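To be precise, the following lines are query24.txt, and they hold compact mmCIF, C-alpha atoms and all ligand atoms.
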# COMPACT_ATOMS: atom_id res chain seq x y z
CA MET A 1 86.87 -75.30 61.84
CA ASN A 2 88.96 -74.93 58.70
CA TYR A 3 88.28 -76.09 55.19
CA TYR A 4 90.90 -77.76 53.05
CA SER A 5 91.04 -78.41 49.35
CA LEU A 6 90.51 -81.99 48.18
CA ASN A 7 93.39 -81.39 45.75
CA ASN A 8 95.59 -80.81 48.81
CA SER A 9 97.73 -78.08 47.36
CA ALA A 10 95.92 -74.95 48.49
CA PRO A 11 96.03 -73.26 51.89
CA LYS A 12 93.39 -74.09 54.48
CA VAL A 13 90.76 -71.39 54.76
CA SER A 14 87.96 -70.27 57.06
CA PHE A 15 84.28 -70.90 56.29
CA LYS A 16 84.00 -67.31 55.13
CA GLU A 17 86.88 -67.64 52.67
CA ALA A 18 85.59 -70.99 51.43
CA VAL A 19 82.20 -69.40 50.69
CA ILE A 20 83.69 -66.40 48.95
CA ASN A 21 86.21 -68.47 46.94
CA GLY A 22 83.69 -71.14 45.98
CA ILE A 23 86.45 -73.41 44.76
CA ALA A 24 90.04 -73.58 46.06
CA PRO A 25 92.87 -71.97 44.04
CA ASP A 26 94.16 -75.46 43.14
CA ARG A 27 90.69 -76.20 41.61
CA GLY A 28 89.84 -78.58 44.47
CA LEU A 29 86.54 -78.68 46.35
CA TYR A 30 86.64 -77.48 49.94
CA PHE A 31 85.99 -79.99 52.70
CA PRO A 32 85.58 -79.40 56.46
CA SER A 33 88.71 -80.28 58.42
CA GLU A 34 86.66 -82.33 60.86
CA ILE A 35 83.12 -83.59 61.38
CA ILE A 36 82.48 -83.79 65.11
CA THR A 37 79.82 -86.33 66.07
CA LEU A 38 76.84 -84.80 67.87
CA PRO A 39 75.91 -86.24 71.28
CA SER A 40 73.61 -89.28 71.06
CA SER A 41 71.08 -87.38 73.20
CA PHE A 42 70.55 -85.07 70.21
CA PHE A 43 69.26 -87.97 68.12
CA GLU A 44 67.34 -89.48 71.04
CA GLU A 45 65.43 -86.27 71.73
CA ILE A 46 65.22 -85.03 68.14
CA THR A 47 61.42 -85.40 68.02
CA THR A 48 61.13 -82.76 70.74
CA LEU A 49 63.28 -80.21 68.86
CA SER A 50 62.09 -77.60 66.37
CA ASN A 51 63.55 -77.63 62.87
CA HIS A 52 65.39 -74.41 63.67
CA GLU A 53 66.98 -75.96 66.75
CA ILE A 54 67.96 -79.11 64.82
CA ALA A 55 69.49 -77.07 62.02
CA PHE A 56 71.36 -74.82 64.43
CA ARG A 57 72.93 -77.68 66.34
CA ALA A 58 73.86 -79.55 63.17
CA ILE A 59 75.53 -76.70 61.28
CA HIS A 60 77.01 -74.70 64.16
CA GLN A 61 80.41 -76.45 64.21
CA PHE A 62 80.93 -75.77 60.52
CA VAL A 63 80.27 -72.03 60.58
CA LYS A 64 80.75 -70.77 64.13
CA ALA A 65 84.11 -69.05 63.54
CA ASP A 66 82.50 -66.68 61.02
CA LEU A 67 78.81 -66.49 61.94
CA PRO A 68 78.02 -65.30 65.47
CA GLU A 69 75.21 -67.32 67.11
CA PRO A 70 72.49 -64.68 66.73
CA VAL A 71 73.41 -64.17 63.06
CA LEU A 72 73.26 -67.90 62.36
CA LYS A 73 69.92 -68.17 64.17
CA GLU A 74 68.49 -65.29 62.16
CA ILE A 75 69.75 -66.82 58.91
CA LEU A 76 68.05 -70.11 59.79
CA VAL A 77 64.78 -68.29 60.50
CA GLN A 78 64.99 -66.71 57.02
CA VAL A 79 65.97 -69.94 55.29
CA LEU A 80 63.68 -72.48 56.98
CA ASP A 81 60.25 -70.88 56.76
CA PHE A 82 58.43 -73.77 55.14
CA GLU A 83 57.58 -77.42 55.80
CA PHE A 84 59.52 -80.61 54.98
CA PRO A 85 56.88 -83.33 55.41
CA VAL A 86 57.47 -87.07 55.05
CA VAL A 87 54.36 -88.31 53.22
CA PRO A 88 53.54 -92.05 53.53
CA ILE A 89 53.57 -94.01 50.25
CA ASP A 90 53.23 -97.57 51.57
CA VAL A 91 53.97 -99.41 54.83
CA ASN A 92 57.73 -99.23 54.50
CA THR A 93 58.10 -96.21 52.26
CA GLY A 94 57.67 -92.49 52.63
CA THR A 95 58.63 -89.51 50.50
CA LEU A 96 60.33 -86.46 51.92
CA GLU A 97 58.82 -83.48 50.14
CA LEU A 98 61.45 -80.82 49.67
CA PHE A 99 59.44 -78.63 47.31
CA HIS A 100 57.51 -76.33 49.61
CA GLY A 101 59.94 -73.43 49.25
CA PRO A 102 59.65 -70.30 47.10
CA THR A 103 60.80 -71.93 43.82
CA MET A 104 59.41 -75.38 44.70
CA ALA A 105 62.78 -77.10 44.29
CA PHE A 106 64.89 -78.49 47.09
CA LYS A 107 67.70 -76.14 46.16
CA ASP A 108 65.88 -73.27 47.87
CA VAL A 109 67.42 -74.04 51.25
CA GLY A 110 71.02 -74.20 50.07
CA ALA A 111 70.64 -71.19 47.80
CA ARG A 112 69.06 -69.05 50.49
CA PHE A 113 71.59 -70.11 53.11
CA MET A 114 74.45 -69.24 50.81
CA ALA A 115 72.86 -65.92 49.82
CA GLN A 116 72.39 -64.94 53.46
CA CYS A 117 76.00 -65.88 54.31
CA LEU A 118 77.42 -63.97 51.35
CA GLY A 119 75.21 -60.99 52.11
CA TYR A 120 76.50 -60.99 55.71
CA PHE A 121 80.13 -61.33 54.60
CA SER A 122 79.73 -58.52 52.05
CA LYS A 123 78.48 -56.06 54.64
CA ASN A 124 80.92 -53.21 55.19
CA THR A 125 83.09 -54.20 52.24
CA SER A 126 83.30 -52.14 49.09
CA THR A 127 83.99 -54.93 46.57
CA GLU A 128 80.95 -56.37 44.94
CA VAL A 129 80.85 -60.16 44.54
CA THR A 130 79.56 -61.68 41.31
CA VAL A 131 77.94 -65.07 41.66
CA LEU A 132 78.33 -67.00 38.43
CA VAL A 133 76.24 -70.11 38.08
CA ALA A 134 75.42 -72.64 35.38
CA THR A 135 72.06 -74.36 35.63
CA SER A 136 70.47 -77.38 34.00
CA GLY A 137 67.13 -76.28 35.41
CA ASP A 138 66.37 -75.83 39.08
CA THR A 139 69.57 -74.29 40.40
CA GLY A 140 69.02 -71.08 38.47
CA GLY A 141 65.57 -70.38 39.87
CA ALA A 142 66.54 -71.17 43.44
CA VAL A 143 69.71 -69.07 43.22
CA ALA A 144 67.89 -66.18 41.54
CA ASN A 145 65.21 -66.20 44.22
CA GLY A 146 67.61 -66.69 47.12
CA PHE A 147 69.92 -63.85 46.06
CA LEU A 148 67.28 -61.41 44.86
CA GLY A 149 67.91 -58.04 46.48
CA VAL A 150 70.97 -59.19 48.48
CA GLU A 151 73.19 -56.12 48.63
CA GLY A 152 76.75 -56.28 47.34
CA VAL A 153 76.05 -59.37 45.24
CA GLN A 154 75.39 -59.58 41.49
CA VAL A 155 74.15 -62.87 40.09
CA VAL A 156 74.75 -64.10 36.53
CA ILE A 157 73.00 -67.33 35.53
CA LEU A 158 73.85 -69.37 32.42
CA TYR A 159 71.34 -71.86 31.08
CA PRO A 160 71.13 -73.98 27.91
CA GLU A 161 68.65 -72.46 25.49
CA GLY A 162 65.61 -74.65 24.88
CA MET A 163 66.64 -77.27 27.43
CA VAL A 164 64.96 -76.02 30.58
CA SER A 165 61.22 -76.09 31.15
CA ASP A 166 59.12 -72.97 30.59
CA ILE A 167 58.51 -72.56 34.32
CA GLN A 168 62.20 -73.01 35.09
CA GLU A 169 63.09 -70.41 32.49
CA ARG A 170 60.59 -67.94 33.89
CA GLN A 171 61.93 -68.42 37.40
CA LEU A 172 65.37 -67.28 36.36
CA THR A 173 64.64 -64.68 33.70
CA THR A 174 61.85 -62.60 35.20
CA LEU A 175 63.23 -61.24 38.45
CA GLY A 176 65.50 -58.38 37.35
CA GLN A 177 67.30 -56.28 40.00
CA ASN A 178 70.66 -57.93 40.77
CA ILE A 179 69.84 -61.07 38.77
CA SER A 180 70.80 -61.50 35.07
CA ALA A 181 70.21 -64.52 32.86
CA LEU A 182 72.37 -65.60 29.91
CA LYS A 183 70.88 -68.03 27.45
CA VAL A 184 73.60 -70.19 25.93
CA ALA A 185 73.39 -71.78 22.49
CA GLY A 186 74.62 -75.16 23.72
CA THR A 187 74.17 -77.79 26.42
CA PHE A 188 74.40 -77.60 30.20
CA ASP A 189 77.94 -78.98 29.91
CA ASP A 190 78.83 -76.03 27.67
CA CYS A 191 77.42 -73.65 30.29
CA GLN A 192 79.41 -75.35 33.03
CA LYS A 193 82.57 -75.29 30.95
CA MET A 194 82.22 -71.53 30.42
CA VAL A 195 81.77 -70.98 34.14
CA LYS A 196 84.82 -73.10 34.92
CA THR A 197 86.86 -71.20 32.35
CA ALA A 198 85.82 -67.90 33.92
CA PHE A 199 87.07 -69.06 37.32
CA VAL A 200 90.60 -69.56 35.97
CA ASP A 201 90.71 -66.52 33.69
CA ALA A 202 93.35 -64.30 35.32
CA GLU A 203 92.34 -61.21 33.40
CA LEU A 204 88.72 -61.57 34.46
CA LEU A 205 89.62 -62.39 38.07
CA ALA A 206 91.74 -59.25 38.26
CA ALA A 207 88.66 -57.20 37.42
CA LYS A 208 85.90 -59.13 39.24
CA LYS A 209 85.43 -61.01 42.50
CA LEU A 210 83.76 -64.18 41.22
CA THR A 211 82.19 -67.00 43.17
CA SER A 212 80.01 -69.98 42.35
CA ALA A 213 76.59 -70.88 43.71
CA ASN A 214 76.69 -74.47 42.51
CA SER A 215 76.77 -77.19 45.13
CA ILE A 216 80.56 -77.11 45.07
CA ASN A 217 80.14 -74.08 47.35
CA VAL A 218 80.15 -75.26 50.96
CA ALA A 219 77.41 -72.80 51.94
CA ARG A 220 75.07 -74.35 49.40
CA TRP A 221 76.11 -77.92 49.94
CA LEU A 222 76.24 -78.37 53.72
CA PRO A 223 72.80 -77.00 54.77
CA GLN A 224 71.23 -79.80 52.72
CA LEU A 225 72.08 -82.11 55.60
CA PHE A 226 69.11 -80.55 57.43
CA TYR A 227 66.67 -82.46 55.22
CA PHE A 228 67.88 -85.83 56.37
CA LEU A 229 67.63 -84.81 60.02
CA PHE A 230 64.10 -83.46 59.49
CA ALA A 231 63.13 -86.76 57.85
CA PHE A 232 64.79 -88.78 60.60
CA LYS A 233 62.82 -86.81 63.18
CA GLN A 234 59.55 -87.72 61.47
CA ALA A 235 60.29 -91.39 60.77
CA LYS A 236 62.14 -92.27 63.98
CA GLN A 237 59.07 -93.68 65.71
CA LYS A 238 58.75 -96.35 62.99
CA GLY A 239 61.53 -98.12 64.89
CA LYS A 240 63.00 -99.59 61.71
CA GLU A 241 66.41 -99.17 60.15
CA MET A 242 66.25 -96.22 57.82
CA VAL A 243 67.51 -95.92 54.27
CA PHE A 244 67.47 -92.84 52.04
CA ALA A 245 67.11 -92.84 48.26
CA VAL A 246 68.17 -89.58 46.68
CA PRO A 247 67.63 -88.63 43.03
CA SER A 248 71.12 -87.46 42.17
CA GLY A 249 72.77 -85.25 39.57
CA ASN A 250 75.79 -83.49 41.01
CA PHE A 251 75.55 -85.65 44.17
CA GLY A 252 75.60 -82.68 46.55
CA ASN A 253 72.33 -83.51 48.27
CA ILE A 254 73.15 -87.15 48.98
CA CYS A 255 76.66 -86.21 50.08
CA ALA A 256 75.18 -83.81 52.64
CA GLY A 257 73.01 -86.68 53.88
CA MET A 258 76.12 -88.75 54.33
CA VAL A 259 77.60 -85.92 56.41
CA ALA A 260 74.46 -86.08 58.61
CA GLN A 261 75.29 -89.73 59.14
CA LYS A 262 78.86 -88.81 60.12
CA LEU A 263 77.28 -86.48 62.68
CA GLY A 264 75.83 -89.62 64.25
CA MET A 265 72.41 -89.94 62.62
CA PRO A 266 71.49 -93.65 62.50
CA VAL A 267 71.06 -94.63 58.85
CA LYS A 268 71.50 -98.05 57.33
CA HIS A 269 72.16 -97.17 53.72
CA PHE A 270 72.14 -94.44 51.07
CA ILE A 271 70.94 -95.04 47.53
CA ALA A 272 71.85 -92.58 44.80
CA ALA A 273 69.33 -92.95 41.99
CA THR A 274 70.25 -91.50 38.62
CA ASN A 275 68.70 -91.29 35.17
CA VAL A 276 70.71 -92.68 32.23
CA ASN A 277 73.58 -90.38 33.16
CA ASP A 278 75.15 -93.26 35.01
CA THR A 279 78.77 -92.30 35.67
CA VAL A 280 78.46 -93.11 39.38
CA PRO A 281 76.45 -96.36 39.07
CA GLN A 282 79.15 -97.50 36.61
CA PHE A 283 81.89 -96.51 39.01
CA MET A 284 80.29 -98.43 41.88
CA GLU A 285 80.30 -101.52 39.70
CA THR A 286 83.68 -101.24 38.02
CA GLY A 287 85.76 -98.94 40.25
CA LYS A 288 86.50 -96.87 37.17
CA TYR A 289 85.37 -93.26 37.04
CA SER A 290 84.67 -92.34 33.42
CA PRO A 291 82.92 -88.98 33.07
CA LYS A 292 81.00 -88.48 29.86
CA PRO A 293 78.91 -85.81 28.16
CA SER A 294 75.43 -85.58 29.65
CA THR A 295 72.37 -87.05 27.96
CA ALA A 296 69.07 -85.15 28.02
CA THR A 297 66.28 -86.87 30.00
CA ILE A 298 62.88 -86.06 31.48
CA SER A 299 64.56 -85.62 34.88
CA ASN A 300 66.71 -82.81 33.49
CA ALA A 301 68.02 -81.44 36.77
CA MET A 302 70.03 -84.66 37.00
CA ASP A 303 71.51 -84.62 33.50
CA VAL A 304 75.09 -84.56 34.71
CA GLY A 305 77.86 -86.63 33.18
CA ASP A 306 80.65 -85.64 35.58
CA PRO A 307 79.07 -85.11 39.01
CA SER A 308 81.18 -82.63 40.93
CA ASN A 309 80.41 -83.75 44.48
CA PHE A 310 81.13 -87.44 44.04
CA ILE A 311 84.73 -86.73 45.00
CA ARG A 312 83.47 -85.56 48.40
CA ILE A 313 81.57 -88.82 48.87
CA GLN A 314 84.65 -90.85 48.05
CA HIS A 315 86.65 -88.72 50.45
CA LEU A 316 84.15 -89.43 53.27
CA TYR A 317 85.03 -93.11 52.76
CA GLN A 318 88.80 -92.66 52.42
CA ASN A 319 88.59 -93.29 48.67
CA ASN A 320 87.99 -96.94 49.52
CA LEU A 321 85.44 -98.49 47.16
CA SER A 322 84.58 -101.53 49.27
CA LEU A 323 84.04 -99.38 52.38
CA LEU A 324 81.81 -97.10 50.33
CA GLN A 325 79.83 -100.02 48.89
CA GLN A 326 78.80 -101.07 52.40
CA MET A 327 77.02 -97.77 52.96
CA PHE A 328 76.16 -96.53 49.48
CA SER A 329 74.63 -97.96 46.30
CA SER A 330 73.83 -96.27 43.03
CA TYR A 331 71.39 -97.36 40.32
CA SER A 332 70.44 -95.85 36.98
CA PHE A 333 66.99 -95.77 35.30
CA SER A 334 65.68 -94.91 31.86
CA ASP A 335 62.96 -92.37 31.05
CA ALA A 336 60.59 -95.25 30.22
CA GLU A 337 61.15 -96.79 33.66
CA THR A 338 60.67 -93.38 35.24
CA LYS A 339 57.29 -92.90 33.56
CA THR A 340 56.20 -96.38 34.57
CA ALA A 341 57.17 -95.58 38.16
CA MET A 342 55.18 -92.33 38.07
CA LYS A 343 52.12 -94.31 36.98
CA GLU A 344 52.70 -96.98 39.62
CA ILE A 345 53.02 -94.43 42.44
CA TYR A 346 49.89 -92.69 41.25
CA LYS A 347 47.88 -95.90 40.95
CA ASP A 348 49.05 -97.54 44.18
CA ALA A 349 49.41 -94.56 46.48
CA ASN A 350 47.37 -91.90 44.69
CA TYR A 351 50.49 -89.74 44.83
CA ILE A 352 51.73 -87.54 42.00
CA ALA A 353 55.51 -87.71 41.79
CA ASP A 354 57.66 -85.60 39.51
CA PRO A 355 60.20 -87.44 37.30
CA HIS A 356 63.08 -86.82 39.75
CA GLY A 357 61.16 -88.16 42.72
CA ALA A 358 60.12 -91.15 40.60
CA VAL A 359 63.79 -91.95 39.90
CA GLY A 360 64.40 -91.84 43.66
CA TYR A 361 61.45 -94.19 44.20
CA LEU A 362 62.87 -96.65 41.65
CA GLY A 363 66.23 -96.63 43.43
CA LEU A 364 64.55 -97.29 46.75
CA LYS A 365 62.41 -100.15 45.43
CA LYS A 366 65.45 -101.78 43.84
CA TYR A 367 67.27 -101.70 47.16
CA GLN A 368 64.24 -102.84 49.14
CA SER A 369 63.74 -105.82 46.86
CA THR A 370 66.69 -107.37 48.72
CA HIS A 371 66.28 -105.43 52.01
CA PRO A 372 62.53 -105.58 52.71
CA GLU A 373 62.90 -104.93 56.44
CA SER A 374 64.09 -101.34 56.09
CA TYR A 375 62.03 -98.16 56.21
CA GLY A 376 62.86 -96.23 53.06
CA ILE A 377 62.52 -92.54 52.36
CA PHE A 378 62.91 -91.23 48.84
CA LEU A 379 63.41 -87.52 48.36
CA GLU A 380 60.89 -85.65 46.23
CA THR A 381 63.12 -82.83 44.99
CA ALA A 382 60.73 -80.80 42.84
CA HIS A 383 57.01 -80.10 42.77
CA PRO A 384 55.35 -82.02 39.89
CA VAL A 385 54.07 -78.75 38.44
CA LYS A 386 57.65 -77.82 37.55
CA PHE A 387 57.56 -80.66 35.03
CA LEU A 388 53.99 -79.95 34.05
CA ASN A 389 53.87 -81.42 30.54
CA ILE A 390 55.58 -84.69 31.38
CA VAL A 391 53.50 -85.23 34.50
CA GLU A 392 50.20 -84.36 32.85
CA ASP A 393 50.93 -86.45 29.75
CA THR A 394 52.19 -89.45 31.72
CA LEU A 395 49.40 -89.54 34.29
CA GLY A 396 46.52 -88.05 32.34
CA VAL A 397 45.86 -85.56 35.12
CA SER A 398 45.69 -81.82 35.14
CA LEU A 399 47.69 -79.98 37.78
CA GLU A 400 46.79 -76.82 39.56
CA ILE A 401 49.43 -74.11 39.37
CA PRO A 402 50.46 -73.09 42.91
CA PRO A 403 50.69 -69.37 43.73
CA GLN A 404 54.53 -69.32 43.88
CA ILE A 405 54.62 -70.45 40.25
CA GLN A 406 51.65 -68.42 39.05
CA LYS A 407 53.51 -65.31 40.18
CA VAL A 408 56.22 -65.77 37.53
CA MET A 409 53.95 -67.05 34.75
CA ASP A 410 52.68 -63.62 33.81
CA LYS A 411 56.05 -61.88 33.87
CA GLU A 412 58.21 -61.02 30.88
CA LYS A 413 61.28 -63.23 30.31
CA TYR A 414 64.53 -61.37 29.84
CA ALA A 415 67.80 -63.08 28.87
CA THR A 416 70.89 -62.17 26.85
CA SER A 417 71.93 -64.72 24.21
CA ILE A 418 75.56 -65.84 24.14
CA THR A 419 77.45 -68.47 22.17
CA THR A 420 81.09 -68.49 23.23
CA TYR A 421 83.22 -67.97 26.31
CA GLN A 422 84.36 -64.65 24.82
CA ASP A 423 80.72 -63.50 24.86
CA LEU A 424 80.49 -64.34 28.54
CA LYS A 425 83.73 -62.58 29.34
CA ALA A 426 82.72 -59.46 27.44
CA TYR A 427 79.39 -59.47 29.27
CA LEU A 428 81.04 -59.72 32.68
CA LEU A 429 83.57 -57.02 31.93
CA LYS A 430 81.17 -54.54 30.41
C1 LIG B 1 69.43 -80.41 41.46
C2 LIG B 1 68.36 -81.40 41.47
C3 LIG B 1 68.60 -82.75 41.71
C4 LIG B 1 70.01 -83.29 41.90
O1 LIG B 1 70.60 -82.87 43.11
P1 LIG B 1 72.18 -83.02 43.30
O2 LIG B 1 72.46 -82.45 44.65
O3 LIG B 1 72.82 -82.22 42.20
O4 LIG B 1 72.51 -84.46 43.20
C5 LIG B 1 67.53 -83.62 41.77
N1 LIG B 1 66.28 -83.18 41.56
C6 LIG B 1 65.99 -81.90 41.30
C7 LIG B 1 64.59 -81.51 41.06
C8 LIG B 1 67.02 -80.96 41.26
O5 LIG B 1 66.72 -79.69 41.02
Render the structure in this file as structure tokens.
Ligand SMILES: *Cc1c(COP(=O)(O)O)cnc(C)c1O
Amino acid sequence: MNYYSLNNSAPKVSFKEAVINGIAPDRGLYFPSEIITLPSSFFEEITTLSNHEIAFRAIHQFVKADLPEPVLKEILVQVLDFEFPVVPIDVNTGTLELFHGPTMAFKDVGARFMAQCLGYFSKNTSTEVTVLVATSGDTGGAVANGFLGVEGVQVVILYPEGMVSDIQERQLTTLGQNISALKVAGTFDDCQKMVKTAFVDAELLAAKKLTSANSINVARWLPQLFYFLFAFKQAKQKGKEMVFAVPSGNFGNICAGMVAQKLGMPVKHFIAATNVNDTVPQFMETGKYSPKPSTATISNAMDVGDPSNFIRIQHLYQNNLSLLQQMFSSYSFSDAETKTAMKEIYKDANYIADPHGAVGYLGLKKYQSTHPESYGIFLETAHPVKFLNIVEDTLGVSLEIPPQIQKVMDKEKYATSITTYQDLKAYLLK
């Protein structure tokens, strides 16, 4: 299995090279050269398989040239050591809780998988890899945790000062060891721009082996397809057509779900729910892709104005809008609607959703208003405690801090302040 660049002017590479490069030399995202459908027996007998077995069979074709079977199996044991329950909300709705990992965000699985792969690939090499990552909130914590102590890998995380929650900030600034945090006087877009500039800075690249741990990296993006298979396994016995609603920012998670469908998983429809950062909902309506600066919202992990993985979704559907519309819808919701949804879910189902999950719920309900026969699963991508103030203020409840979070609450934050790209470069070269 090779990976090619979606800009089509870079050489095809192996999985290993795609992981180490992050992005192709022509600035394109890597994409697997083929997606081979799994036998229908796999989906028929999925309820009898363990999560490890499901994950192994789903990802094997994409990585087998570079990860020997026992290595892949061991990586999956490390990565998938927590639960992914589908919790019922009402008769035709469930929520897939993806927040039971070490940082309580769904990014734990992708970040750990990538860290394990990079750690394996760095064995017996002398060059250290630097993982450079911009975060609007949850990526940083998951990456920091996933890479902590991985030999041969240094991690540098950029985050917008004052725009991530206190818990998020603690998760990425308190670990130490091979993890450093840079606090940027600017927005998430500024952070991302600096990271992108670094990746094309010849002088820097001559001195450092840089890679990205954002969902553009195939090792972070692809393992997310496990979630959809785990949910399918749990909801299969409902016997209804299944739809997934995914709260989306960079559209990596939902795109991985659409790869699971290409593997043969029976799904009727995907709904990408966004906050007011509605570049994709607009595109689905007008066919015009107009990226814009991001707007800050209460679902801040989705404050993305130019979602990097949407190009992969379009590619899955041959860049054909009407084909895509048959399988995929996207809707945008305001903060006020999100808060109303949080209250509704709490009142009707006695379930506490975080703002991201609530956006997913809204997307699902909008779709189900015209497709009431489907069984819908919305993804709950973060534990409500990660958005403590909003959840407590909106619902008038008080949340208990889980042990994973308590652990970082008492630690000292440490971050270096930077303002410009030159600051970043100087930091990396020092
Ligand atoms: C990152 C994130 C999202 C968005 O996921 P994408 O794959 O970027 O679309 C949604 N919710 C939470 C809590 C996140 O951390």
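Atom pair atom C3 of ligand LIG 1 (chain B) / atom CA of A:Asp201 has a distance of 28.6 Å (rounded to one decimal).
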Using all atoms listed in the file, which residues of chain A come within 7 Å of ligand LIG 1 (chain B), and what is the closest atom pair for each, with the distance in Å to one decimal? Give it as CSV, sorted by chain and residue number.
residue,atom,partner,partner_atom,distance
A:Ala105,CA,B:LIG1,O5,5.7
A:Phe106,CA,B:LIG1,O5,6.5
A:Lys107,CA,B:LIG1,O5,6.3
A:Gly137,CA,B:LIG1,O5,6.6
A:Asp138,CA,B:LIG1,O5,4.3
A:Thr139,CA,B:LIG1,O5,6.1
A:Ser215,CA,B:LIG1,O2,6.8
A:Pro247,CA,B:LIG1,C5,5.2
A:Ser248,CA,B:LIG1,O4,3.5
A:Gly249,CA,B:LIG1,O4,3.7
A:Asn250,CA,B:LIG1,O3,3.4
A:Phe251,CA,B:LIG1,O4,3.4
A:Gly252,CA,B:LIG1,O2,3.7
A:Asn253,CA,B:LIG1,O2,3.8
A:Ile254,CA,B:LIG1,O4,6.4
A:Ala301,CA,B:LIG1,C8,4.6
A:Met302,CA,B:LIG1,C4,5.1
A:His356,CA,B:LIG1,N1,5.2
A:Thr381,CA,B:LIG1,C7,4.4
A:Ala382,CA,B:LIG1,C7,4.3
inquiry  = So that I can check the surroundings of A:Val276, please list as a PyMOL selection string every protein, DNA and RNA residue that reaches within 6 Å of it, counting all atoms listed in the file and ignoring chain neighbours fewer than 4 positions away.
reply    = chain A and resi 332-334
key: Answer as a list in words, residues within 10 Å of (75.3, -65.7, 26.6) using all atoms listed in the file   = Ile157, Leu158, Tyr159, Pro160, Glu161, Ala181, Leu182, Lys183, Val184, Ala185, Gly186, Cys191, Met194, Ala415, Thr416, Ser417, Ile418, Thr419, Thr420, Tyr421, Gln422, Asp423, Leu424, Lys425, Ala426 and Tyr427 of chain A
query = So what do you get for atom CA of A:Gly94 versus atom CA of A:Gly376, distance-wise?
reply = 6.4 Å
Nearby residues (only C-alpha atoms) at most 8 Å from A:Arg220, same-chain spacing under 4 positions excluded, as a ChimeraX atom specification = /A:109-111,113-114,213-216,224
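Going from atom CA of A:Leu321 over to atom CA of A:Ser136, you cover 29.0 Å.
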query = For A:Lys347, which of A:Ile89, A:Leu222, A:Val304, A:Val153 is the closest residue, counting all atoms listed in the file?
reply = A:Ile89
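Residues in contact with stretch 54-69 of chain A at up to 7 Å, not including ones fewer than 4 positions away on its chain and judged by all atoms listed in the file, are Met1, Phe15, Lys16, Leu49, Ser50, Lys73 and Phe226 of chain A.
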I need stretch 413-422 of chain A written out with N, CA, C and O atoms, as an mmCIF file, in the first residue's frame; please produce it.
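What follows is the written file decode06.cif:
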data_model
loop_
_atom_site.group_PDB
_atom_site.id
_atom_site.type_symbol
_atom_site.label_atom_id
_atom_site.label_comp_id
_atom_site.auth_asym_id
_atom_site.auth_seq_id
_atom_site.Cartn_x
_atom_site.Cartn_y
_atom_site.Cartn_z
ATOM 1 N N LYS A 413 2.068 25.028 35.440
ATOM 2 C CA LYS A 413 2.080 25.211 33.983
ATOM 3 C C LYS A 413 3.433 25.778 33.562
ATOM 4 O O LYS A 413 3.964 26.665 34.229
ATOM 5 N N TYR A 414 3.968 25.288 32.462
ATOM 6 C CA TYR A 414 5.178 25.896 31.940
ATOM 7 C C TYR A 414 5.095 26.066 30.432
ATOM 8 O O TYR A 414 4.955 25.095 29.699
ATOM 9 N N ALA A 415 5.150 27.327 29.962
ATOM 10 C CA ALA A 415 5.096 27.585 28.516
ATOM 11 C C ALA A 415 5.981 28.782 28.201
ATOM 12 O O ALA A 415 6.152 29.677 29.028
ATOM 13 N N THR A 416 6.556 28.777 27.003
ATOM 14 C CA THR A 416 7.366 29.900 26.539
ATOM 15 C C THR A 416 6.485 30.784 25.657
ATOM 16 O O THR A 416 5.802 30.279 24.772
ATOM 17 N N SER A 417 6.514 32.099 25.898
ATOM 18 C CA SER A 417 5.692 33.008 25.091
ATOM 19 C C SER A 417 6.405 33.365 23.796
ATOM 20 O O SER A 417 7.600 33.681 23.808
ATOM 21 N N ILE A 418 5.678 33.308 22.677
ATOM 22 C CA ILE A 418 6.232 33.780 21.416
ATOM 23 C C ILE A 418 5.194 34.642 20.691
ATOM 24 O O ILE A 418 3.998 34.535 20.955
ATOM 25 N N THR A 419 5.689 35.482 19.770
ATOM 26 C CA THR A 419 4.794 36.380 19.046
ATOM 27 C C THR A 419 4.879 36.174 17.538
ATOM 28 O O THR A 419 3.879 36.224 16.840
ATOM 29 N N THR A 420 6.086 35.952 17.035
ATOM 30 C CA THR A 420 6.259 35.900 15.581
ATOM 31 C C THR A 420 6.835 34.557 15.147
ATOM 32 O O THR A 420 7.309 33.768 15.972
ATOM 33 N N TYR A 421 6.821 34.343 13.827
ATOM 34 C CA TYR A 421 7.434 33.139 13.287
ATOM 35 C C TYR A 421 8.928 33.089 13.615
ATOM 36 O O TYR A 421 9.467 32.024 13.915
ATOM 37 N N GLN A 422 9.582 34.255 13.599
ATOM 38 C CA GLN A 422 11.013 34.283 13.917
ATOM 39 C C GLN A 422 11.275 33.756 15.331
ATOM 40 O O GLN A 422 12.274 33.079 15.572
#
